[in-house]
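J.: Starting off with a structure, shown below.
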Amino acid sequence: MIVVAGEALIDLVVTAEGQRAVPGGSPANVAVTLARLDQPVRLLARFGTDEYGRQLAEHLSANRVDLGWAVRGEEPSSVAVATLSATGQASYEFRLAGAADWQWTPQELPELAGSPATALHTGSLALALAPGAQVLADLLARERRRDGLTVSIDLNLRPSIVPDRAAEQERVRRQVPLANLLKASDEDLDWLYPDRSAADVMAEWHAAGVSCAVVTRGGEGAWLLAPDGSLHEEPAVRTTVVDTVGAGDSFTGGLLAALADLDALGDRPADRLAAVTASQWGAVLRQAATVAALTSSRRGADPPTLAEVAALLAIPS
């Protein structure tokens, strides 16, 4: 089982035709992607007791995401207003003050030792917004020390919400060593380190203890720095882009699902990731890129099923 921790929020998607309320949030999107790829997944999230919170819980349950560790809070649900351009690119405005997602307490978190969890994934706003960010970071640190599962982080930075670049650089510096697997987009790195190359940043992460570093590059594909220091490059899967909402989250879900199928997630995570071969890394990236492309080809954060991915990759469904 893969455990995903973090926000589940409502996306108010605004287009020329009007607006619609759809479930979203980066960690929640990753969890739905994993479930649609037939991976057992449990979401560690806090839901508001308002109508949006009910809508989120129903959406996740309908997609076979286990909510056994979810918490119901008295606070309101978070809302992200996603405005789509004529080319389908999304820009975001967030309404997050006092929302349920960021109010974690240590007592609300489960004990993962002894559970069937093989990986713990989080990132995005969940690791950036107080007070809950520190609670989740402490959980990651505890699990990294225990070495009993794979710790995965997707930076997924939001400068419109957390605009202090120096503070974000310091936060990321503290959190990078907590991850066995670390993903960022080229946009993340361009904003966070405007004077550094992606290769330099990935090498720094590797030196800090990250076994596998991934940088997605939109239509240019993705880079992956493997545990042995080799760099793997995968082109983007060509598609007609409807919008990019949830595409990066789908890539993450596809990546984790592919690694799970290789038995590369679990205890002694550094050893498991080191055992992945060069050809397998290529297949992992191809699956992740295919999942992201299929998501981009339709409206909203609507990741594909395993059968849809298999039809393009000729893998068993």
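Chain identifiers are assigned as A, B, and so on, following the order in which chains appear in the structure tokens; residues are numbered from 1 within each chain, and ligands are numbered from 1 in order of appearance.
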Just the residues within 12 Å of stretch 188-190 of chain A, please, counting only C-alpha atoms, with nothing from its chain fewer than 2 positions along; format it as an MDAnalysis selection string.
T.: chainID A and resid 124 154:159 165 168:169 172 183:186 192:202 214:218 248
J.: Skipping near chain neighbours, those fewer than 6 positions away, what residues fall within 8 Å of stretch 236-242 of chain A using only C-alpha atoms, listed as a ChimeraX atom specification?
T.: /A:87-88,218-222,289-290,293-294,296-299
J.: Between A:Val13, A:Leu34, A:Leu178, A:Met1, which one has atoms that come closest to A:Asp243, using only C-alpha atoms?
T.: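 Nearest to A:Asp243: A:Val13.
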J.: One decimal, Å: what's the distance from atom CA of A:Leu43 over to atom CA of A:Asp164, could you say?
T.: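 Calculated distance between atom CA of A:Leu43 and atom CA of A:Asp164 is 29.0 Å.
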J.: Between A:Leu12, A:Leu112, A:Ala208, A:Leu256, single out the one closest to A:Ser152, counting only C-alpha atoms.
T.: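 Nearest candidate to A:Ser152 out of A:Leu12, A:Leu112, A:Ala208, A:Leu256: A:Leu256.
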J.: Just give me the gap between atom CA of A:Gln107 and atom CA of A:Ser61 in Å, one decimal is fine.
T.: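 Rounded to one decimal, the two atoms are 23.9 Å apart.
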J.: For A:Thr33, work out the shell of residues within 8 Å, counting only C-alpha atoms and skipping chain neighbours fewer than 5 positions away, then give it as a list in words.
T.: Asp249, Ser250, Gly253, Gly254, Pro303, Pro304 and Thr305 of chain A
J.: Using DSSP on the backbone, list every residue of stretch 63-291 of chain A that comes out as alpha helix (DSSP H), and give them as a VMD selection string.
T.: chain A and resid 132 to 146 165 to 175 186 to 192 198 to 207 247 to 261 269 to 274 278 to 291
J.: Mind pulling up the distance from atom CA of A:Gln19 to atom CA of A:Gln89?
T.: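 Going from atom CA of A:Gln89 over to atom CA of A:Gln19, I get 15.4 Å.
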J.: Using only C-alpha atoms, can you tell me which of A:Ser78, A:Ser279, A:Thr118, A:Ser91 comes closest to A:Glu233?
T.: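 Using only C-alpha atoms, A:Glu233 sits closest to A:Ser279.
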J.: Please, which residues of stretch 135-168 of chain A, numbered as in this document, come out strand (DSSP E or B) from DSSP, as a list in words?
T.: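 Reading the DSSP output for stretch 135-168 of chain A, strand (DSSP E or B) covers Thr150, Val151, Ser152, Ile153 and Asp154 of chain A.
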J.: Give me the residues near A:Ala137 as a list in words, where near means some atom within 10 Å (using only C-alpha atoms) and where sequence neighbours in that chain fewer than 6 positions away do not count.
T.: Thr122, Gly123, Ala126, Leu127, Ala128, Glu143, Arg174, Gln175 and Leu178 of chain A
